[in-house]
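A.B. asks: One structure is given below, represented as structure tokens, and several questions about it will come after.
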Amino acid sequence: MQRVGVVIGVANHRSLAWQSALSMLNADFQHVIVTYENERFQSAVEQLTKKQNGLYQEHFEQTRNNLKKNSDEQSLLAKRISSLKLDVNVEDDVKCVFNEKIPSLLHSQYNGQVEVQMDALVHSVAFAPSSAMKTSQNFPLLNTTKASFDIAHSVSSYSLLTIARHALPLLSCQNDNDCSTIHHRSPSITTLTYIGSTHAVPNYNIMGPAKASLESLVRGLALEVSCPPHAVRVNAVSAGPMNTLAARGIKDFVNLKKDADQKCMNKRGIAPQEVGNVVAFVAGPKASGVTGQVWFVDGGYNSVAF
């Protein structure tokens with residue numbers, strides 16, 4: 001079975017979306033499609049995927065002689081990663097990607113030998129205007145404009161609904177008549193969140209309410225689609241502070257991360273790969289009994305009282 005995942009929101013090699021994609025390919029997935037927002041990120045993401053595919057192909061060639069399968073089957077075993085442009089703020093773009101581009105890509109790469117379907121969707125998208133995040137005002141949340149509020153919630157939260165709505169036909173088990181197949185596939189939607197959703201974090205400002213909205217959507221969506229006929233699990237992974245492009249939009253982020261690293265239980269913080277590994281687990285079939293949950297990957301920071 002060719003397990004296929006789609007990861008939304010890669011900007012560069014530091015992105016948790018990128019690390020999640022790599023961890024998924026190191027685990028149960030054979031093919032992962034990553035998306036980038038626009039042409040600004042296209043070159044960097046395409047270079048990343050090209051380099052990674054070269055490594056996968058090299059590894060496959062080295063082990064090929066040990067595979068006791070015929071050549072047609074062998075061609076289906078090499079790991080691969082692809083990239084597509086996707087602006088989550090444009091619903092027609094989202095619709096085109098899931099209704100046309102992804103099915104076309106999968107059909108062409110596997111020569112029609114496998115059913116066109118997705119087994120996991122990972123949503124790693126967040127944004128708020130810099131005017132709301134790096135403001136010099138004494139009361140940044142209190143003075144958040146309606147425009148900034150709407151943008152933060154639209155990009156960071158509502159985009160999960162838009163993507164899930166159009167991805168559901170590819171994820172759904174409604175066409176799987178065999179119950180054992182449904183259990184084995186265990187399709188999933190996983191999003192990335194942060195402890196600022198439930199705790200007051202200095203300088204996190206309007207992103208706190210946006211992440212709270214996102215986590216509420218996780219629970220609501222899980223209630224709606226985790227049961228048959230769709231049988232799609234929905235969860236969130238709450239990562240500790242990471243030095244990503246999105247994090248740079250938070251005022252005084254360096255000190256925020258330093259403080260979290262010092263106060264968390266493991267006293268070292270978290271590496272991106274550790275977050276990616278949990279995303280891969282939650283998104284994969286080994287977490288088939290998990291839905292509607294928020295998984296913390298923050299070195300125990302969420303459980304410490306100060």
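In the structure tokens, the first chain shown is A, the next is B, and so on; residue numbers restart at 1 for each chain, and ligands run from 1 in the order shown.
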Excluding Asn12 (chain A) and any residue of its chain fewer than 4 positions from it, enumerate the residues within 9 Å of it, using only C-alpha atoms, and give them as an MDAnalysis selection string.
C.D. replies: chainID A and resid 17:18 41 44:45 48 244:245
A.B. asks: Write out as a list in words each polymer residue whose atoms come within 7 Å of region 89-103 of chain A, counting only C-alpha atoms; drop sequence neighbours fewer than 4 positions from it.
C.D. replies: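 Residues near the query, excluding close chain neighbours: His107, Val116, Val155, Ser159, Thr162, Ile163, His166 and Ala167 of chain A.
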A.B. asks: Please save N, CA, C and O atoms of the selected residues as a compact mmCIF listing (two decimals), in the first residue's frame.
C.D. replies:
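Generated file (part-v7.txt):
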```
# COMPACT_ATOMS: atom_id res chain seq x y z
N HIS A 107 -1.76 10.16 -10.09
CA HIS A 107 -2.07 9.27 -11.21
C HIS A 107 -0.87 9.16 -12.16
O HIS A 107 -0.52 8.06 -12.61
N VAL A 116 -6.11 6.68 -6.37
CA VAL A 116 -5.80 8.06 -6.00
C VAL A 116 -6.52 8.40 -4.70
O VAL A 116 -7.73 8.56 -4.65
N VAL A 155 -6.28 33.06 8.37
CA VAL A 155 -5.13 32.28 7.91
C VAL A 155 -4.80 31.14 8.86
O VAL A 155 -4.54 30.01 8.43
N SER A 159 -8.44 28.48 7.69
CA SER A 159 -7.80 27.75 6.59
C SER A 159 -7.87 26.24 6.81
O SER A 159 -7.92 25.46 5.85
N THR A 162 -11.20 25.21 5.37
CA THR A 162 -11.19 25.26 3.91
C THR A 162 -10.46 24.05 3.33
O THR A 162 -10.95 23.38 2.41
N ILE A 163 -9.29 23.78 3.88
CA ILE A 163 -8.48 22.67 3.37
C ILE A 163 -9.15 21.33 3.66
O ILE A 163 -9.22 20.46 2.79
N HIS A 166 -12.10 20.47 1.26
CA HIS A 166 -11.76 20.03 -0.10
C HIS A 166 -10.89 18.78 -0.12
O HIS A 166 -10.84 18.08 -1.14
N ALA A 167 -10.22 18.49 1.00
CA ALA A 167 -9.38 17.29 1.05
C ALA A 167 -10.17 16.05 1.46
O ALA A 167 -9.75 14.92 1.19
```
A.B. asks: Between CA of Glu46 (chain A) and CA of Thr190 (chain A), what is the distance, to one decimal in Å?
C.D. replies: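 For CA of Glu46 (chain A) relative to CA of Thr190 (chain A), the distance reads 23.4 Å.
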A.B. asks: Could you list, as a PyMOL selection string, every residue within 12 Å of Lys134 (chain A), counting only C-alpha atoms and ignoring same-chain residues fewer than 3 positions away?
C.D. replies: chain A and resi 128-131+137-141+144+202-207+247-253
A.B. asks: Could you give me the residues within region 9-205 of chain A that DSSP places in alpha helix (DSSP H), as a ChimeraX atom specification?
C.D. replies: /A:16-26,39-63,71-74,91-96,102-109,130-133,146-153,159-171,179-185
A.B. asks: Nearest to Asp298 (chain A): which of A:Ala280, A:Ala126, A:Leu16, A:Val275 is it, counting only C-alpha atoms?
C.D. replies: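 Among the listed residues, the smallest separation from Asp298 (chain A) belongs to A:Val275.
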